[in-house]
>>> print(open('start11.tsv').read())   # TSV, C-alpha atoms
chain	number	residue	atom	x	y	z
A	1	MET	CA	31.49	0.63	-15.10
A	2	ASN	CA	32.24	0.72	-18.78
A	3	PRO	CA	31.65	-2.76	-20.22
A	4	HIS	CA	35.14	-2.73	-21.71
A	5	ASP	CA	37.04	-1.74	-18.62
A	6	HIS	CA	37.91	-5.37	-17.99
A	7	PRO	CA	41.23	-6.80	-19.24
A	8	HIS	CA	40.98	-7.84	-22.87
A	9	ASP	CA	42.54	-11.27	-22.66
A	10	HIS	CA	39.71	-13.10	-24.39
A	11	PRO	CA	38.28	-12.71	-27.87
A	12	HIS	CA	34.66	-11.62	-28.24
A	13	ASP	CA	32.69	-10.00	-30.98
A	14	HIS	CA	29.42	-9.39	-29.18
A	15	ALA	CA	28.00	-5.93	-28.67
A	16	PRO	CA	28.54	-4.66	-25.14
A	17	ILE	CA	25.69	-5.74	-22.90
A	18	GLU	CA	23.98	-2.65	-21.55
A	19	SER	CA	22.42	-3.12	-18.19
A	20	PRO	CA	19.67	-0.70	-17.18
A	21	ALA	CA	21.65	-0.20	-13.97
A	22	ASP	CA	24.33	1.55	-16.05
A	23	ALA	CA	21.87	4.09	-17.46
A	24	ALA	CA	21.54	7.49	-15.84
A	25	PRO	CA	18.75	7.49	-13.23
A	26	SER	CA	15.48	9.05	-14.31
A	27	TYR	CA	13.87	12.12	-12.72
A	28	TYR	CA	11.62	9.95	-10.51
A	29	GLU	CA	14.44	7.61	-9.53
A	30	VAL	CA	16.45	10.60	-8.35
A	31	MET	CA	13.40	11.89	-6.46
A	32	GLU	CA	12.81	8.49	-4.80
A	33	THR	CA	16.45	8.18	-3.78
A	34	SER	CA	16.48	11.72	-2.38
A	35	ILE	CA	13.31	11.22	-0.33
A	36	ARG	CA	14.46	7.82	0.93
A	37	GLU	CA	17.85	9.16	1.99
A	38	LEU	CA	16.25	12.14	3.71
A	39	LEU	CA	13.80	9.91	5.60
A	40	VAL	CA	16.69	7.73	6.76
A	41	GLU	CA	18.83	10.73	7.66
A	42	LYS	CA	15.98	12.21	9.75
A	43	GLN	CA	15.59	8.76	11.37
A	44	LEU	CA	11.93	8.52	10.34
A	45	ILE	CA	12.56	5.12	8.77
A	46	SER	CA	15.54	2.82	8.99
A	47	PRO	CA	17.43	0.99	6.24
A	48	ALA	CA	16.39	-2.25	7.99
A	49	GLU	CA	12.73	-1.33	7.55
A	50	ILE	CA	13.23	-0.67	3.85
A	51	ARG	CA	15.03	-3.97	3.45
A	52	HIS	CA	12.27	-5.75	5.37
A	53	GLN	CA	9.60	-4.30	3.08
A	54	LEU	CA	11.55	-5.52	0.05
A	55	GLU	CA	11.56	-8.98	1.65
A	56	VAL	CA	7.78	-8.75	2.02
A	57	LEU	CA	7.46	-7.99	-1.70
A	58	ASP	CA	9.93	-10.71	-2.68
A	59	SER	CA	8.04	-13.29	-0.64
A	60	ARG	CA	4.98	-12.88	-2.89
A	61	THR	CA	5.16	-14.68	-6.23
A	62	PRO	CA	2.70	-16.15	-8.74
A	63	ALA	CA	3.32	-19.55	-7.08
A	64	LEU	CA	1.04	-18.39	-4.23
A	65	GLY	CA	-1.77	-17.53	-6.63
A	66	ALA	CA	-1.29	-20.86	-8.41
A	67	LYS	CA	-1.77	-22.73	-5.11
A	68	ILE	CA	-4.99	-20.82	-4.49
A	69	VAL	CA	-6.28	-21.66	-7.97
A	70	ALA	CA	-5.38	-25.35	-7.67
A	71	ARG	CA	-7.14	-25.59	-4.28
A	72	ALA	CA	-10.23	-23.94	-5.78
A	73	TRP	CA	-10.20	-26.52	-8.60
A	74	VAL	CA	-10.13	-29.49	-6.23
A	75	ASP	CA	-12.19	-28.18	-3.31
A	76	PRO	CA	-15.66	-26.82	-4.23
A	77	GLU	CA	-16.23	-25.44	-0.73
A	78	PHE	CA	-12.98	-23.51	-0.83
A	79	ARG	CA	-13.91	-22.28	-4.31
A	80	SER	CA	-17.20	-20.91	-2.94
A	81	ARG	CA	-15.41	-19.11	-0.10
A	82	LEU	CA	-12.83	-17.75	-2.54
A	83	LEU	CA	-15.49	-16.32	-4.84
A	84	ALA	CA	-17.44	-14.91	-1.89
A	85	ASP	CA	-14.45	-13.12	-0.33
A	86	GLY	CA	-11.09	-13.53	-2.02
A	87	ARG	CA	-9.08	-11.97	0.76
A	88	LEU	CA	-10.58	-14.09	3.55
A	89	ALA	CA	-10.02	-17.28	1.56
A	90	CYS	CA	-6.38	-16.36	0.82
A	91	GLU	CA	-5.84	-15.58	4.50
A	92	GLU	CA	-6.68	-19.24	5.20
A	93	PHE	CA	-3.35	-19.97	3.49
A	94	GLY	CA	-1.55	-17.43	5.67
A	95	ILE	CA	-1.34	-14.90	2.82
A	96	THR	CA	-1.54	-11.46	4.43
A	97	PHE	CA	-2.85	-8.36	2.71
A	98	TYR	CA	-0.12	-6.00	3.84
A	99	ASP	CA	-1.48	-3.18	1.65
A	100	ASP	CA	-4.99	-3.54	3.12
A	101	THR	CA	-6.55	-4.12	-0.26
A	102	LYS	CA	-9.51	-6.43	-0.81
A	103	LEU	CA	-9.58	-9.18	-3.38
A	104	ILE	CA	-12.28	-10.13	-5.85
A	105	VAL	CA	-11.70	-13.45	-7.57
A	106	LEU	CA	-13.19	-13.53	-11.06
A	107	GLU	CA	-14.15	-16.97	-12.29
A	108	ASN	CA	-13.74	-17.82	-15.95
A	109	THR	CA	-16.52	-20.02	-17.29
A	110	ALA	CA	-17.68	-21.37	-20.64
A	111	LYS	CA	-19.57	-18.09	-21.07
A	112	VAL	CA	-17.29	-15.45	-19.50
A	113	HIS	CA	-13.60	-14.69	-19.86
A	114	ASN	CA	-12.11	-12.17	-17.42
A	115	LEU	CA	-9.19	-9.82	-17.96
A	116	ILE	CA	-7.72	-7.43	-15.41
A	117	VAL	CA	-6.05	-4.06	-15.89
A	118	CYS	CA	-5.38	-0.84	-14.02
A	119	THR	CA	-5.77	2.10	-16.40
A	120	LEU	CA	-4.84	4.72	-13.80
A	121	CYS	CA	-1.60	3.21	-12.53
A	122	SER	CA	-0.51	-0.33	-11.68
A	123	CYS	CA	-3.00	-1.78	-9.15
A	124	TYR	CA	-2.26	-5.49	-9.05
A	125	PRO	CA	-2.97	-8.31	-6.59
A	126	ARG	CA	0.55	-8.06	-5.19
A	127	PRO	CA	-0.17	-9.94	-1.95
A	128	VAL	CA	-0.92	-13.09	-4.00
A	129	LEU	CA	1.05	-12.59	-7.22
A	130	GLY	CA	4.00	-10.39	-6.30
A	131	LEU	CA	5.16	-7.54	-8.52
A	132	PRO	CA	3.36	-6.99	-11.83
A	133	PRO	CA	5.15	-7.60	-15.14
A	134	ASP	CA	6.49	-4.49	-16.89
A	135	TRP	CA	3.95	-4.72	-19.73
A	136	TYR	CA	1.10	-4.60	-17.20
A	137	LYS	CA	2.37	-1.23	-15.97
A	138	ALA	CA	3.09	0.13	-19.45
A	139	LYS	CA	0.67	2.51	-21.17
A	140	PRO	CA	-0.06	0.42	-24.28
A	141	TYR	CA	-1.54	-2.46	-22.24
A	142	ARG	CA	-3.37	-0.13	-19.84
A	143	ALA	CA	-4.96	1.88	-22.64
A	144	ARG	CA	-5.76	-1.01	-24.96
A	145	ALA	CA	-7.00	-3.65	-22.51
A	146	VAL	CA	-10.16	-1.65	-21.81
A	147	LYS	CA	-10.73	-0.53	-25.39
A	148	GLU	CA	-9.79	-3.50	-27.55
A	149	PRO	CA	-9.42	-6.46	-25.19
A	150	ARG	CA	-9.92	-9.01	-27.95
A	151	ALA	CA	-7.07	-7.57	-30.01
A	152	VAL	CA	-4.82	-7.53	-26.93
A	153	LEU	CA	-5.74	-11.13	-26.11
A	154	LYS	CA	-4.95	-12.17	-29.68
A	155	GLU	CA	-1.45	-10.75	-29.30
A	156	PHE	CA	-1.01	-13.06	-26.32
A	157	GLY	CA	-2.20	-15.92	-28.53
A	158	THR	CA	-5.61	-16.08	-26.89
A	159	GLU	CA	-8.68	-16.31	-29.11
A	160	ILE	CA	-11.96	-16.05	-27.26
A	161	PRO	CA	-15.08	-16.99	-29.29
A	162	GLU	CA	-17.39	-14.10	-30.13
A	163	ASP	CA	-20.26	-15.60	-28.09
A	164	VAL	CA	-18.13	-15.69	-24.93
A	165	GLU	CA	-18.41	-12.47	-22.95
A	166	ILE	CA	-15.16	-10.62	-22.31
A	167	ARG	CA	-15.35	-8.95	-18.93
A	168	VAL	CA	-12.57	-6.43	-18.33
A	169	SER	CA	-12.10	-5.30	-14.74
A	170	ASP	CA	-10.41	-1.93	-14.32
A	171	SER	CA	-8.87	-1.77	-10.86
A	172	THR	CA	-9.06	1.80	-9.62
A	173	SER	CA	-8.61	1.99	-5.89
A	174	MET	CA	-9.12	-0.49	-3.07
A	175	MET	CA	-10.12	-3.68	-4.89
A	176	ARG	CA	-7.69	-6.07	-6.46
A	177	TYR	CA	-8.65	-8.77	-8.93
A	178	LEU	CA	-7.43	-12.29	-9.54
A	179	VAL	CA	-8.70	-14.42	-12.41
A	180	LEU	CA	-9.65	-18.00	-11.58
A	181	PRO	CA	-8.91	-19.75	-14.87
A	182	ARG	CA	-10.90	-22.74	-16.10
A	183	ARG	CA	-9.45	-26.08	-15.14
A	184	PRO	CA	-8.15	-27.68	-18.34
A	185	GLU	CA	-9.49	-30.98	-19.62
A	186	GLY	CA	-7.35	-34.05	-19.11
A	187	THR	CA	-6.39	-33.11	-15.55
A	188	GLU	CA	-8.95	-35.25	-13.74
A	189	ASN	CA	-6.26	-37.41	-12.13
A	190	PHE	CA	-3.83	-34.61	-11.34
A	191	THR	CA	-2.76	-33.91	-7.79
A	192	GLU	CA	-3.21	-30.43	-6.39
A	193	GLU	CA	0.53	-29.86	-6.81
A	194	GLN	CA	0.47	-30.93	-10.45
A	195	LEU	CA	-2.46	-28.62	-11.07
A	196	ALA	CA	-0.70	-25.67	-9.44
A	197	ALA	CA	2.27	-26.21	-11.77
A	198	LEU	CA	-0.03	-25.54	-14.77
A	199	VAL	CA	-1.20	-22.17	-13.50
A	200	THR	CA	0.90	-19.23	-14.61
A	201	ARG	CA	0.89	-15.54	-13.74
A	202	ASP	CA	-0.54	-14.54	-17.12
A	203	ALA	CA	-3.50	-16.93	-16.70
A	204	MET	CA	-4.34	-15.23	-13.40
A	205	ILE	CA	-4.24	-11.81	-15.11
A	206	GLY	CA	-6.48	-13.29	-17.79
A	207	VAL	CA	-4.34	-12.70	-20.88
A	208	ILE	CA	-4.08	-16.45	-21.49
A	209	THR	CA	-6.02	-19.57	-20.60
A	210	VAL	CA	-4.58	-22.67	-18.97
A	211	ASN	CA	-3.97	-25.06	-21.83
A	212	PRO	CA	-5.58	-28.50	-22.03
A	213	VAL	CA	-3.24	-31.35	-21.17
A	214	ASN	CA	-2.70	-34.06	-23.80
B	1	MET	CA	-34.16	5.21	6.29
B	2	ALA	CA	-35.90	3.34	9.11
B	3	SER	CA	-35.65	-0.25	10.18
B	4	THR	CA	-36.51	-2.37	13.18
B	5	SER	CA	-33.59	-3.59	15.27
B	6	THR	CA	-33.43	-7.04	16.84
B	7	LEU	CA	-34.40	-5.36	20.13
B	8	GLY	CA	-37.69	-4.40	18.52
B	9	ALA	CA	-36.85	-0.72	18.87
B	10	HIS	CA	-37.43	1.61	15.98
B	11	ILE	CA	-34.01	2.75	14.77
B	12	VAL	CA	-33.73	5.69	12.41
B	13	LYS	CA	-30.53	5.72	10.44
B	14	ALA	CA	-28.70	8.86	9.43
B	15	MET	CA	-28.45	9.86	5.80
B	16	GLY	CA	-25.58	8.14	4.11
B	17	GLU	CA	-25.46	5.18	6.50
B	18	GLU	CA	-27.10	2.94	3.94
B	19	PRO	CA	-25.99	2.78	0.31
B	20	ALA	CA	-28.13	5.00	-1.90
B	21	PHE	CA	-28.25	2.42	-4.70
B	22	LYS	CA	-29.03	-1.27	-4.95
B	23	VAL	CA	-27.65	-4.02	-7.14
B	24	GLY	CA	-29.30	-3.78	-10.55
B	25	HIS	CA	-29.86	-0.02	-10.34
B	26	ALA	CA	-28.94	2.09	-13.35
B	27	VAL	CA	-26.71	5.07	-12.56
B	28	ARG	CA	-24.74	7.70	-14.40
B	29	ILE	CA	-21.12	8.46	-13.54
B	30	SER	CA	-20.65	12.19	-12.99
B	31	VAL	CA	-18.73	14.39	-15.38
B	32	ARG	CA	-16.51	16.40	-13.07
B	33	TYR	CA	-12.87	17.34	-13.14
B	34	PRO	CA	-11.87	17.94	-9.53
B	35	VAL	CA	-8.28	18.62	-8.59
B	36	GLY	CA	-7.16	15.73	-6.45
B	37	HIS	CA	-6.37	12.07	-6.22
B	38	TYR	CA	-9.49	11.07	-8.14
B	39	ARG	CA	-9.95	7.38	-8.96
B	40	VAL	CA	-12.49	7.65	-11.77
B	41	PRO	CA	-10.85	7.33	-15.18
B	42	THR	CA	-12.05	10.02	-17.60
B	43	TYR	CA	-13.20	7.41	-20.16
B	44	VAL	CA	-16.09	6.33	-17.91
B	45	ARG	CA	-17.29	9.79	-16.84
B	46	GLY	CA	-20.76	10.60	-18.14
B	47	LYS	CA	-21.45	6.93	-18.96
B	48	CYS	CA	-24.45	4.98	-17.74
B	49	ALA	CA	-23.76	1.85	-15.76
B	50	THR	CA	-25.51	-0.92	-13.85
B	51	ILE	CA	-24.58	-1.68	-10.26
B	52	THR	CA	-23.35	-5.27	-10.00
B	53	ALA	CA	-22.22	-5.24	-6.35
B	54	ILE	CA	-22.13	-3.05	-3.28
B	55	LEU	CA	-18.59	-3.66	-2.12
B	56	TYR	CA	-18.34	-1.98	1.26
B	57	SER	CA	-18.22	1.39	2.95
B	58	GLY	CA	-14.65	2.55	3.13
B	59	VAL	CA	-12.40	5.53	3.54
B	60	ASN	CA	-12.83	7.80	0.54
B	61	ASN	CA	-9.22	8.01	-0.50
B	62	GLU	CA	-9.98	10.69	-3.06
B	63	ASP	CA	-10.35	13.15	-0.19
B	64	GLU	CA	-7.94	11.33	2.07
B	65	GLY	CA	-5.13	11.74	-0.44
B	66	PHE	CA	-5.33	15.50	0.03
B	67	GLY	CA	-5.85	15.49	3.79
B	68	LYS	CA	-9.50	16.57	3.42
B	69	ASN	CA	-12.32	14.95	5.44
B	70	VAL	CA	-9.78	12.58	6.88
B	71	GLY	CA	-11.36	9.23	7.71
B	72	ALA	CA	-14.65	10.08	5.94
B	73	LYS	CA	-16.20	6.95	4.49
B	74	ALA	CA	-18.22	6.46	1.35
B	75	HIS	CA	-20.14	3.54	-0.13
B	76	TYR	CA	-18.19	1.79	-2.79
B	77	TYR	CA	-19.74	0.00	-5.76
B	78	ARG	CA	-18.82	-2.27	-8.61
B	79	LEU	CA	-20.42	-1.19	-11.89
B	80	ALA	CA	-20.79	-2.74	-15.32
B	81	ILE	CA	-20.76	-0.70	-18.51
B	82	PRO	CA	-21.38	-2.30	-21.94
B	83	GLN	CA	-18.25	-1.93	-24.07
B	84	LYS	CA	-20.35	-0.67	-27.01
B	85	ASP	CA	-21.46	2.28	-24.85
B	86	LEU	CA	-17.86	3.17	-24.05
B	87	TRP	CA	-16.36	2.84	-27.50
B	88	PRO	CA	-18.66	3.34	-30.53
B	89	GLU	CA	-16.18	1.51	-32.74
B	90	TYR	CA	-15.83	-1.43	-30.31
B	91	ALA	CA	-15.01	-4.67	-32.09
B	92	GLY	CA	-16.26	-7.66	-30.15
B	93	GLY	CA	-19.30	-9.37	-28.75
B	94	ALA	CA	-22.40	-7.36	-27.83
B	95	THR	CA	-22.27	-8.79	-24.32
B	96	ASP	CA	-18.69	-7.65	-23.63
B	97	VAL	CA	-18.55	-5.40	-20.58
B	98	LEU	CA	-16.18	-3.32	-18.52
B	99	GLU	CA	-16.44	-3.52	-14.74
B	100	ILE	CA	-15.06	-0.84	-12.48
B	101	GLU	CA	-15.22	0.31	-8.85
B	102	VAL	CA	-16.56	3.78	-8.07
B	103	PHE	CA	-17.40	5.67	-4.87
B	104	GLU	CA	-21.01	6.76	-4.36
B	105	THR	CA	-19.95	10.41	-4.54
B	106	TRP	CA	-19.55	9.96	-8.30
B	107	LEU	CA	-22.93	8.34	-8.98
B	108	GLU	CA	-26.08	10.08	-10.16
B	109	ARG	CA	-29.61	8.75	-10.47
B	110	THR	CA	-30.79	8.23	-14.01
B	111	HIS	CA	-34.46	8.48	-13.01
B	112	PRO	CA	-36.37	10.28	-10.21
B	113	LEU	CA	-36.79	8.65	-6.80
>>> encode(input="start11.tsv", output="structure tokens")
Amino acid sequence: MNPHDHPHDHPHDHAPIESPADAAPSYYEVMETSIRELLVEKQLISPAEIRHQLEVLDSRTPALGAKIVARAWVDPEFRSRLLADGRLACEEFGITFYDDTKLIVLENTAKVHNLIVCTLCSCYPRPVLGLPPDWYKAKPYRARAVKEPRAVLKEFGTEIPEDVEIRVSDSTSMMRYLVLPRRPEGTENFTEEQLAALVTRDAMIGVITVNPVN
Amino acid sequence: MASTSTLGAHIVKAMGEEPAFKVGHAVRISVRYPVGHYRVPTYVRGKCATITAILYSGVNNEDEGFGKNVGAKAHYYRLAIPQKDLWPEYAGGATDVLEIEVFETWLERTHPL
């Protein structure tokens, strides 16, 4: 609806707020809608199945990844299993890999900083982090993360010393990557829950580090 | 490739059952431009790389995506390429690397057997 279709009984001088939902659908949105409606009409899939799959996606958020990271920080044996086979270790938490991808967990150390990207499309560890942020799917990040990772990191406020190796992982097909950030100093007495609260999505993509606690 | 099974019998494996390359091997990524659902970004084609891990043998989705050789599996590797080899103007540490996964079908030997 037009933003000014509502009764004008209150003063306001703001510009009308444009929601993307009001914009005309793009070519691919029209194609997706057409195919979806056809599949439903032909009874190949049901609206309930589509809704269920959206629930699957919505049930995955960076909070899951943060719990995995916090457990790895406090439990060295779990950390070893996580680094050996990321998917198996996550499945211990009941996290399913509904897209049948495998997971490599990349550990940041004093000598190596990891960054993940998908130059071809938008491969992302969705089972453990949910949907990727828009910038992760956008061409500038995808093109630049592999070519000038240090400049990209700087734009996120992350300065990695020259003698620390930057290891960029380009996800191309069946593997997904999750960065295991370094546990910040000053968290020796933190509970697992308090640690998990420090771990953000961007730290598990590798564009930032987890900041030391004062 | 031959090996001895736990039964003591001499088992001869078919070609392709075992990965052709080992961790630490140097390989070159092919320069090819097939029509299809290829998963090798053009910026790494023709580059030399070192194998850092043999991931598994899985369905080659490059063929699968086009309904060819349905179910055919291929060995799948993780490779490391020095950033300075990818981008001559690369600004950053000499040890910076790019790691990427590639099916064996794209890998060439850099030296004779």
>>> closest_residue(input="start11.tsv", among="A:Ala196, A:Asp100, A:Ile208, A:Pro181", to="chain B", atoms="only C-alpha atoms")
A:Asp100
>>> interface_residues(input="start11.tsv", of="chain A", to="chain B", cutoff="12 Å", atoms="all atoms listed in the file", output="compact mmCIF listing (two decimals) with C-alpha atoms, in the frame of the given file")
# COMPACT_ATOMS: atom_id res chain seq x y z
CA ALA A 84 -17.44 -14.91 -1.89
CA ASP A 85 -14.45 -13.12 -0.33
CA ASP A 100 -4.99 -3.54 3.12
CA THR A 101 -6.55 -4.12 -0.26
CA LYS A 102 -9.51 -6.43 -0.81
CA LEU A 103 -9.58 -9.18 -3.38
CA ILE A 104 -12.28 -10.13 -5.85
CA LEU A 106 -13.19 -13.53 -11.06
CA LYS A 111 -19.57 -18.09 -21.07
CA VAL A 112 -17.29 -15.45 -19.50
CA HIS A 113 -13.60 -14.69 -19.86
CA ASN A 114 -12.11 -12.17 -17.42
CA LEU A 115 -9.19 -9.82 -17.96
CA ILE A 116 -7.72 -7.43 -15.41
CA VAL A 117 -6.05 -4.06 -15.89
CA CYS A 118 -5.38 -0.84 -14.02
CA THR A 119 -5.77 2.10 -16.40
CA LEU A 120 -4.84 4.72 -13.80
CA CYS A 121 -1.60 3.21 -12.53
CA CYS A 123 -3.00 -1.78 -9.15
CA ARG A 142 -3.37 -0.13 -19.84
CA ALA A 143 -4.96 1.88 -22.64
CA ARG A 144 -5.76 -1.01 -24.96
CA ALA A 145 -7.00 -3.65 -22.51
CA VAL A 146 -10.16 -1.65 -21.81
CA LYS A 147 -10.73 -0.53 -25.39
CA GLU A 148 -9.79 -3.50 -27.55
CA PRO A 149 -9.42 -6.46 -25.19
CA ARG A 150 -9.92 -9.01 -27.95
CA ALA A 151 -7.07 -7.57 -30.01
CA VAL A 152 -4.82 -7.53 -26.93
CA LEU A 153 -5.74 -11.13 -26.11
CA GLU A 159 -8.68 -16.31 -29.11
CA ILE A 160 -11.96 -16.05 -27.26
CA PRO A 161 -15.08 -16.99 -29.29
CA GLU A 162 -17.39 -14.10 -30.13
CA ASP A 163 -20.26 -15.60 -28.09
CA VAL A 164 -18.13 -15.69 -24.93
CA GLU A 165 -18.41 -12.47 -22.95
CA ILE A 166 -15.16 -10.62 -22.31
CA ARG A 167 -15.35 -8.95 -18.93
CA VAL A 168 -12.57 -6.43 -18.33
CA SER A 169 -12.10 -5.30 -14.74
CA ASP A 170 -10.41 -1.93 -14.32
CA SER A 171 -8.87 -1.77 -10.86
CA THR A 172 -9.06 1.80 -9.62
CA SER A 173 -8.61 1.99 -5.89
CA MET A 174 -9.12 -0.49 -3.07
CA MET A 175 -10.12 -3.68 -4.89
CA ARG A 176 -7.69 -6.07 -6.46
CA TYR A 177 -8.65 -8.77 -8.93
>>> atom_distance(input="start11.tsv", atom1="CA of Gly67 (chain B)", atom2="CA of Val40 (chain A)")
24.0 Å
>>> atom_distance(input="start11.tsv", atom1="CA of Lys73 (chain B)", atom2="CA of Asp99 (chain A)")
18.1 Å
>>> atom_distance(input="start11.tsv", atom1="CA of Ala197 (chain A)", atom2="CA of Ala70 (chain A)")
8.7 Å
>>> closest_residue(input="start11.tsv", among="A:Lys137, A:Val128, A:Leu198, A:Ser122", to="Glu91 (chain A)", atoms="all atoms listed in the file")
A:Val128
>>> residues_near_point(input="start11.tsv", point="(-2.9, -17.6, -9.6)", cutoff="10 Å", atoms="all atoms listed in the file", output="mmCIF file with C-alpha atoms, keeping the file's coordinate frame")
data_model
loop_
_atom_site.group_PDB
_atom_site.id
_atom_site.type_symbol
_atom_site.label_atom_id
_atom_site.label_comp_id
_atom_site.auth_asym_id
_atom_site.auth_seq_id
_atom_site.Cartn_x
_atom_site.Cartn_y
_atom_site.Cartn_z
ATOM 1 C CA THR A 61 5.160 -14.680 -6.230
ATOM 2 C CA PRO A 62 2.700 -16.150 -8.740
ATOM 3 C CA ALA A 63 3.320 -19.550 -7.080
ATOM 4 C CA LEU A 64 1.040 -18.390 -4.230
ATOM 5 C CA GLY A 65 -1.770 -17.530 -6.630
ATOM 6 C CA ALA A 66 -1.290 -20.860 -8.410
ATOM 7 C CA LYS A 67 -1.770 -22.730 -5.110
ATOM 8 C CA ILE A 68 -4.990 -20.820 -4.490
ATOM 9 C CA VAL A 69 -6.280 -21.660 -7.970
ATOM 10 C CA ALA A 70 -5.380 -25.350 -7.670
ATOM 11 C CA VAL A 105 -11.700 -13.450 -7.570
ATOM 12 C CA PRO A 125 -2.970 -8.310 -6.590
ATOM 13 C CA VAL A 128 -0.920 -13.090 -4.000
ATOM 14 C CA LEU A 129 1.050 -12.590 -7.220
ATOM 15 C CA LEU A 178 -7.430 -12.290 -9.540
ATOM 16 C CA VAL A 179 -8.700 -14.420 -12.410
ATOM 17 C CA LEU A 180 -9.650 -18.000 -11.580
ATOM 18 C CA PRO A 181 -8.910 -19.750 -14.870
ATOM 19 C CA ALA A 196 -0.700 -25.670 -9.440
ATOM 20 C CA LEU A 198 -0.030 -25.540 -14.770
ATOM 21 C CA VAL A 199 -1.200 -22.170 -13.500
ATOM 22 C CA THR A 200 0.900 -19.230 -14.610
ATOM 23 C CA ARG A 201 0.890 -15.540 -13.740
ATOM 24 C CA ASP A 202 -0.540 -14.540 -17.120
ATOM 25 C CA ALA A 203 -3.500 -16.930 -16.700
ATOM 26 C CA MET A 204 -4.340 -15.230 -13.400
ATOM 27 C CA ILE A 205 -4.240 -11.810 -15.110
ATOM 28 C CA GLY A 206 -6.480 -13.290 -17.790
#
>>> build_atoms(input="start11.tsv", residues="region 168-180 of chain A", atoms="N, CA and C atoms", output="mmCIF file, in the coordinates of the input")
data_model
loop_
_atom_site.group_PDB
_atom_site.id
_atom_site.type_symbol
_atom_site.label_atom_id
_atom_site.label_comp_id
_atom_site.auth_asym_id
_atom_site.auth_seq_id
_atom_site.Cartn_x
_atom_site.Cartn_y
_atom_site.Cartn_z
ATOM 1 N N VAL A 168 -13.816 -7.096 -18.738
ATOM 2 C CA VAL A 168 -12.570 -6.430 -18.330
ATOM 3 C C VAL A 168 -12.825 -5.743 -16.992
ATOM 4 N N SER A 169 -11.976 -5.990 -16.016
ATOM 5 C CA SER A 169 -12.100 -5.300 -14.740
ATOM 6 C C SER A 169 -10.974 -4.292 -14.601
ATOM 7 N N ASP A 170 -11.376 -3.016 -14.483
ATOM 8 C CA ASP A 170 -10.410 -1.930 -14.320
ATOM 9 C C ASP A 170 -10.295 -1.653 -12.822
ATOM 10 N N SER A 171 -9.124 -1.905 -12.289
ATOM 11 C CA SER A 171 -8.870 -1.770 -10.860
ATOM 12 C C SER A 171 -8.501 -0.318 -10.572
ATOM 13 N N THR A 172 -9.315 0.359 -9.754
ATOM 14 C CA THR A 172 -9.060 1.800 -9.620
ATOM 15 C C THR A 172 -8.596 2.231 -8.243
ATOM 16 N N SER A 173 -8.928 1.451 -7.201
ATOM 17 C CA SER A 173 -8.610 1.990 -5.890
ATOM 18 C C SER A 173 -8.315 0.907 -4.857
ATOM 19 N N MET A 174 -9.351 0.403 -4.203
ATOM 20 C CA MET A 174 -9.120 -0.490 -3.070
ATOM 21 C C MET A 174 -9.312 -1.974 -3.394
ATOM 22 N N MET A 175 -9.894 -2.280 -4.551
ATOM 23 C CA MET A 175 -10.120 -3.680 -4.890
ATOM 24 C C MET A 175 -8.981 -4.178 -5.771
ATOM 25 N N ARG A 176 -8.626 -5.413 -5.559
ATOM 26 C CA ARG A 176 -7.690 -6.070 -6.460
ATOM 27 C C ARG A 176 -8.409 -7.276 -7.045
ATOM 28 N N TYR A 177 -7.985 -7.676 -8.232
ATOM 29 C CA TYR A 177 -8.650 -8.770 -8.930
ATOM 30 C C TYR A 177 -7.672 -9.897 -9.235
ATOM 31 N N LEU A 178 -8.204 -11.117 -9.168
ATOM 32 C CA LEU A 178 -7.430 -12.290 -9.540
ATOM 33 C C LEU A 178 -8.349 -13.165 -10.379
ATOM 34 N N VAL A 179 -7.867 -13.573 -11.551
ATOM 35 C CA VAL A 179 -8.700 -14.420 -12.410
ATOM 36 C C VAL A 179 -8.527 -15.879 -11.989
ATOM 37 N N LEU A 180 -9.657 -16.546 -11.822
ATOM 38 C CA LEU A 180 -9.650 -18.000 -11.580
ATOM 39 C C LEU A 180 -9.860 -18.659 -12.934
#
